[in-house]
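Trainee: This is the structure I want to talk about, given as structure tokens.
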2 protein chains.
Amino acid sequence: MNNFQFHNPTRIVFGEGSADRIGELASSYGKTVLLVYGGGSIKSTGLYERTIKQLKESGITFYELPGIEPNPRLSTVNKGIDICREHGVDFILAVGGGSVIDASKAIAAGALYDGDVWDFFVGKASIQQALPIGTVLTLAATGSEMNGSTVISHWEEKLKRGAGSAHLYPRFSILDPSLTYSVPRNHTVYGSVDIMSHVFEQYFSLTTNTPLQERFCESILQTVIENVEPALANPNDAAARANLMWCGTMALNGGQISLGMQNDWASHGIEHEVSAIYDIPHGAGLAIIFPNWMRYVYKQRPDRFAQYATRVWGIDPAGKSEDELALAGIQATRDFFTRIGAESKLADFGIGDDQLDRMAEEAVRYGAIGSFKRLEKDDVREILRMSL
Amino acid sequence: MNNFQFHNPTRIVFGEGSADRIGELASSYGKTVLLVYGGGSIKSTGLYERTIKQLKESGITFYELPGIEPNPRLSTVNKGIDICREHGVDFILAVGGGSVIDASKAIAAGALYDGDVWDFFVGKASIQQALPIGTVLTLAATGSEMNGSTVISHWEEKLKRGAGSAHLYPRFSILDPSLTYSVPRNHTVYGSVDIMSHVFEQYFSLTTNTPLQERFCESILQTVIENVEPALANPNDAAARANLMWCGTMALNGGQISLGMQNDWASHGIEHEVSAIYDIPHGAGLAIIFPNWMRYVYKQRPDRFAQYATRVWGIDPAGKSEDELALAGIQATRDFFTRIGAESKLADFGIGDDQLDRMAEEAVRYGAIGSFKRLEKDDVREILRMSL
């Protein structure tokens, strides 16, 4: 176990009906609010009306930034920053999934920065302050509701980059599982893949002596695996939706499940290059890339992959070598993703091999990626090739 | 899963060498500090010198309250409150185990309260504010380093009572596992029993649909079980000490592992009555009482106890009824506590049956206790009788 620091000040308000506390919570932080949301699903579900009614009743002046993209774009973030500056916004309320929350974080940082917000995403500046934000989560996936990270895309340059800061932790996050009943089937799938992928990035680590952390990771993986199919079979399954939502938050709340472990994040880096160019859903990209990353790297530490196979997938180790177990666990992962309806290859999105070089090049733009196995450009290209 | 709220603002600084950051962290919160510690072990280990050197170098004025008892007493807490008021203390630094931290929390609340601090422990008042505190943990046990609870004893009245408040969460806690290398063997044992008991209080719950929470609980139990004997065999085992320390914190950090689950806490209530009268170590009392509580209540939910037996103790369910499995898991618990050297009956402390009535009466002073099975006075007396 490595030394670590941990500090997660986000207040979680979890449970059916918690979305009735939006006004009360928002008004304790701000008087002039920017309401950020996505493609309009919150209007069809009634959450939009429910939100603005509460904001009005709480005496809050609010402005709106609708239309956050699934891969949120810098240009949209800049629109939000302009609104904040023009109207003296003092609090940002994100109502949506990880994209909306990530965009809100970028706006929060950019609004108080005397420069181009993109600076934070390319290492030109670090975030020193941000407007406070709160979230109302509508999709179990990214964990952005309880961490200080954000990922946005520079669409014109086909770049997708992340930034993080202690200043970006939401002040509160409302986690009402009933808001996810209406999530389309494929987003339930992609969100679940995303949750599992966040755990993978932490669990497949070279750090030794982390038994509690490994078990926390395995706990989330097992619970997601148990609950995805019930949620798909019955979208209003309150138990499954609640479990997926809490798994999503715990999977990436400032790295709490893996404190003291070196994380990897190469697969996310590779996926970002794919969706930066092709704009495919993040979870879909991860479902394609992760099993191939696993196959490419498992020999770094077959014991961890064997443990994964037995503990998470319940694969009987009897008569199997460590490598065989490891590969069986990887195959179980691939099979599960396929069974729940996630894509298995880039070709499923019509993606061919013409941009492999560019994506590999961009992935290692700042140097080799990953820590479980350091990946150079050729490694990334090979993983992408395996994913075709 | 029930609805819940969660907010844990404590900053954790974990790892060997983190005790060199006492001055830096303390000085970011206070200029006039009350240094609280226990029976002098921090002097023999050099931690005392190491602490005051840093306080001095950070320009901090500090006063000292040594001599916190293993079951910290109200009279000692009041001494601390007097020092705070007299010298305008603005920050409390607890250097020690759970007792020292609990006493510090009580002092922190009492110093800003215009009345008797005991009011908070008997329900006469609730904590509205408290001085900020920081901790340097020297024993893996209570979790007090990352929660808002405190338990102190009114020695003259033979009462041991708890209080809690969001204001009592430490601002920071330094968790340096190397500080626990010198912990006496029996306190390593009792601390580990305490950690496991905290999990039991959360895990044996009537709440349904909490698969992630149950697995988090099981993760801690398994990890403690794996690491106690290595730590006893080699007190300087860095890996075992680090794992026990992190288990202790995660086991009771504002209930994070069991959010949305109804907790029980009857066994703690019963143990408090024993140690209030006989002043035995808290962990020792829990090791005696908990297996008997389990035997008394398991029929409320044999499925949870059967799950405990199979998942935590690896007991093969083949050919066993649910009740048999449950009882096997309880016996495994008892056997483990005995194997690591914890007492198994009150008689081991020379405690007879003459105060059973009084203890049972006091335990239900405010009504029946526990939620897994509501325990009336007769139930408590029976569990105590089984523990003789």
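By convention in this document, the chains of the structure tokens carry letters A, B, ... by their order, each chain's residues are numbered from 1, and ligands are numbered from 1 in the order they are shown.
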If we count only C-alpha atoms and set the cut-off at 12 Å, which residues sit around Leu159 of chain A, ignoring sequence neighbours fewer than 2 positions away in its own chain? Please answer as a ChimeraX atom specification.
Mentor: /A:71-74,118,121-122,151-157,161-162,269-279,358-359,361-363,365
Trainee: Provide as an MDAnalysis selection string the residues of chain A at most 7 Å from chain B, counting only C-alpha atoms.
Mentor: chainID A and resid 3:16 209 211:212 215:216 219:220 223 239
Trainee: For Arg301 of chain A, please output as a PyMOL selection string all residues within 10 Å (counting only C-alpha atoms; exclusion window: fewer than 6 positions along the same chain).
Mentor: chain A and resi 204-206+322-323+326+372-373
Trainee: Any chance you can output those residues with all heavy atoms as a JSON list (two decimals), in the first residue's frame?
Mentor:
[["chain", "number", "residue", "atom", "x", "y", "z"],
["A", 204, "PHE", "N", -6.61, -3.30, -11.39],
["A", 204, "PHE", "CA", -5.47, -3.92, -12.05],
["A", 204, "PHE", "C", -4.26, -3.02, -11.86],
["A", 204, "PHE", "O", -3.99, -2.10, -12.63],
["A", 204, "PHE", "CB", -5.79, -4.20, -13.52],
["A", 204, "PHE", "CG", -6.88, -5.21, -13.68],
["A", 204, "PHE", "CD1", -8.13, -4.85, -14.16],
["A", 204, "PHE", "CD2", -6.68, -6.53, -13.28],
["A", 204, "PHE", "CE1", -9.15, -5.78, -14.27],
["A", 204, "PHE", "CE2", -7.71, -7.48, -13.38],
["A", 204, "PHE", "CZ", -8.94, -7.09, -13.87],
["A", 205, "SER", "N", -3.58, -3.28, -10.77],
["A", 205, "SER", "CA", -2.53, -2.39, -10.28],
["A", 205, "SER", "C", -1.32, -3.22, -9.88],
["A", 205, "SER", "O", -1.46, -4.37, -9.45],
["A", 205, "SER", "CB", -3.08, -1.63, -9.05],
["A", 205, "SER", "OG", -2.05, -0.94, -8.39],
["A", 206, "LEU", "N", -0.17, -2.63, -10.00],
["A", 206, "LEU", "CA", 1.05, -3.34, -9.57],
["A", 206, "LEU", "C", 1.31, -3.17, -8.08],
["A", 206, "LEU", "O", 2.18, -3.84, -7.52],
["A", 206, "LEU", "CB", 2.27, -2.82, -10.35],
["A", 206, "LEU", "CG", 2.22, -3.04, -11.87],
["A", 206, "LEU", "CD1", 3.51, -2.51, -12.51],
["A", 206, "LEU", "CD2", 2.03, -4.52, -12.21],
["A", 322, "GLU", "N", -2.68, -20.39, -13.77],
["A", 322, "GLU", "CA", -2.97, -18.98, -13.49],
["A", 322, "GLU", "C", -3.33, -18.24, -14.78],
["A", 322, "GLU", "O", -4.28, -17.45, -14.81],
["A", 322, "GLU", "CB", -1.74, -18.35, -12.83],
["A", 322, "GLU", "CG", -2.05, -17.11, -12.04],
["A", 322, "GLU", "CD", -0.85, -16.67, -11.20],
["A", 322, "GLU", "OE1", 0.23, -16.37, -11.77],
["A", 322, "GLU", "OE2", -0.99, -16.62, -9.98],
["A", 323, "ASP", "N", -2.59, -18.51, -15.84],
["A", 323, "ASP", "CA", -2.87, -17.87, -17.12],
["A", 323, "ASP", "C", -4.24, -18.26, -17.66],
["A", 323, "ASP", "O", -4.97, -17.43, -18.20],
["A", 323, "ASP", "CB", -1.79, -18.23, -18.15],
["A", 323, "ASP", "CG", -0.59, -17.30, -18.06],
["A", 323, "ASP", "OD1", -0.41, -16.67, -16.99],
["A", 323, "ASP", "OD2", 0.16, -17.20, -19.04],
["A", 326, "ALA", "N", -6.79, -16.43, -15.69],
["A", 326, "ALA", "CA", -6.79, -15.01, -16.08],
["A", 326, "ALA", "C", -7.56, -14.82, -17.38],
["A", 326, "ALA", "O", -8.44, -13.95, -17.49],
["A", 326, "ALA", "CB", -5.35, -14.52, -16.23],
["A", 372, "PHE", "N", 0.02, -0.07, -15.07],
["A", 372, "PHE", "CA", 0.04, -1.53, -14.93],
["A", 372, "PHE", "C", 1.01, -2.07, -15.97],
["A", 372, "PHE", "O", 1.85, -2.92, -15.69],
["A", 372, "PHE", "CB", -1.37, -2.07, -15.17],
["A", 372, "PHE", "CG", -1.53, -3.52, -14.82],
["A", 372, "PHE", "CD1", -1.51, -3.94, -13.50],
["A", 372, "PHE", "CD2", -1.73, -4.48, -15.81],
["A", 372, "PHE", "CE1", -1.67, -5.29, -13.17],
["A", 372, "PHE", "CE2", -1.89, -5.81, -15.49],
["A", 372, "PHE", "CZ", -1.86, -6.22, -14.17],
["A", 373, "LYS", "N", 0.90, -1.54, -17.18],
["A", 373, "LYS", "CA", 1.93, -1.71, -18.20],
["A", 373, "LYS", "C", 2.03, -0.37, -18.91],
["A", 373, "LYS", "O", 1.02, 0.16, -19.38],
["A", 373, "LYS", "CB", 1.54, -2.82, -19.19],
["A", 373, "LYS", "CG", 2.57, -3.08, -20.29],
["A", 373, "LYS", "CD", 2.07, -4.22, -21.19],
["A", 373, "LYS", "CE", 2.94, -4.37, -22.44],
["A", 373, "LYS", "NZ", 4.25, -4.98, -22.14]]
Trainee: Taking only residues of segment 167-203 of chain B that have an atom at most 8 Å from an atom of segment 127-148 of chain B, what is each one's shortest atom pair and its distance in Å to one decimal, using only C-alpha atoms, in chain and number order, as a tab-separated table?
Mentor:
residue	atom	partner	partner_atom	distance
B:His167	CA	B:Ala130	CA	5.8
B:Leu168	CA	B:Gly148	CA	4.5
B:Tyr169	CA	B:Gly148	CA	4.4
B:Pro170	CA	B:Ile133	CA	5.1
B:Arg171	CA	B:Gly134	CA	5.5
B:Phe172	CA	B:Gly134	CA	5.0
B:Ser173	CA	B:Thr135	CA	4.6
B:Ile174	CA	B:Val136	CA	4.7
B:Leu175	CA	B:Leu137	CA	5.6
B:Asp176	CA	B:Leu137	CA	7.2
B:Pro177	CA	B:Thr138	CA	7.8
B:Leu179	CA	B:Thr138	CA	5.4
B:Thr180	CA	B:Thr138	CA	5.3
B:Val183	CA	B:Leu139	CA	7.0
B:His187	CA	B:Leu139	CA	8.0
B:Thr188	CA	B:Ala140	CA	7.5
B:Tyr190	CA	B:Ala141	CA	7.8
B:Gly191	CA	B:Ala141	CA	4.1
B:Ser192	CA	B:Ala141	CA	6.1
B:Val193	CA	B:Ala141	CA	8.0
B:Asp194	CA	B:Ala141	CA	5.7
B:Ile195	CA	B:Ala141	CA	5.4
Trainee: If DSSP is run on the backbone, what residues of segment 85-322 of chain B are strand (DSSP E)? A reply as a ChimeraX atom specification would be ideal.
Mentor: /B:91-96,133-137,149-154,159-164,172-175
Trainee: Rank B:Tyr203, B:Gly314, B:Leu25, B:Met245 by their smallest atom-to-atom distance to Gln262 of chain B, using only C-alpha atoms, and report the top residue only.
Mentor: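 Ranking B:Tyr203, B:Gly314, B:Leu25, B:Met245 by distance to Gln262 of chain B, first place goes to B:Tyr203.
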Trainee: Step one, run DSSP on the backbone; step two, keep only residues of segment 84-215 of chain B assigned to alpha helix (DSSP H); then write them as a ChimeraX atom specification.
Mentor: /B:84-87,98-111,185-203,211-215
Trainee: Let's have the selection written as a tab-separated table (two decimals), in the first residue's frame, with C-alpha atoms.
Mentor:
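Resulting contents of selection-v7.tsv:
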chain	number	residue	atom	x	y	z
B	84	CYS	CA	-9.60	25.74	26.49
B	85	ARG	CA	-11.62	28.52	28.11
B	86	GLU	CA	-8.80	29.85	30.21
B	87	HIS	CA	-6.29	30.07	27.38
B	98	GLY	CA	-10.03	6.28	20.27
B	99	SER	CA	-10.21	7.27	23.91
B	100	VAL	CA	-8.02	10.30	23.39
B	101	ILE	CA	-9.93	11.29	20.29
B	102	ASP	CA	-13.30	10.83	21.96
B	103	ALA	CA	-12.22	12.90	24.94
B	104	SER	CA	-10.97	15.59	22.55
B	105	LYS	CA	-14.30	15.68	20.76
B	106	ALA	CA	-16.14	16.08	24.04
B	107	ILE	CA	-13.78	18.88	25.05
B	108	ALA	CA	-14.24	20.53	21.64
B	109	ALA	CA	-18.01	20.56	22.06
B	110	GLY	CA	-17.95	21.48	25.73
B	111	ALA	CA	-15.57	24.40	25.28
B	185	ARG	CA	-0.32	-7.16	22.17
B	186	ASN	CA	-3.65	-7.04	24.02
B	187	HIS	CA	-4.55	-3.66	22.55
B	188	THR	CA	-3.87	-4.93	19.06
B	189	VAL	CA	-6.28	-7.73	19.89
B	190	TYR	CA	-8.93	-5.51	21.44
B	191	GLY	CA	-8.63	-2.95	18.68
B	192	SER	CA	-9.19	-5.63	16.06
B	193	VAL	CA	-12.20	-6.97	17.94
B	194	ASP	CA	-13.52	-3.43	18.09
B	195	ILE	CA	-13.15	-3.00	14.33
B	196	MET	CA	-14.93	-6.26	13.63
B	197	SER	CA	-17.65	-5.36	16.13
B	198	HIS	CA	-18.29	-2.05	14.40
B	199	VAL	CA	-18.89	-3.96	11.22
B	200	PHE	CA	-21.15	-6.46	12.96
B	201	GLU	CA	-23.33	-3.64	14.28
B	202	GLN	CA	-23.91	-2.54	10.69
B	203	TYR	CA	-23.90	-5.86	8.86
B	211	PRO	CA	-25.62	-6.03	-1.64
B	212	LEU	CA	-22.79	-3.51	-2.02
B	213	GLN	CA	-22.94	-2.50	1.63
B	214	GLU	CA	-22.88	-6.14	2.75
B	215	ARG	CA	-19.84	-6.82	0.60
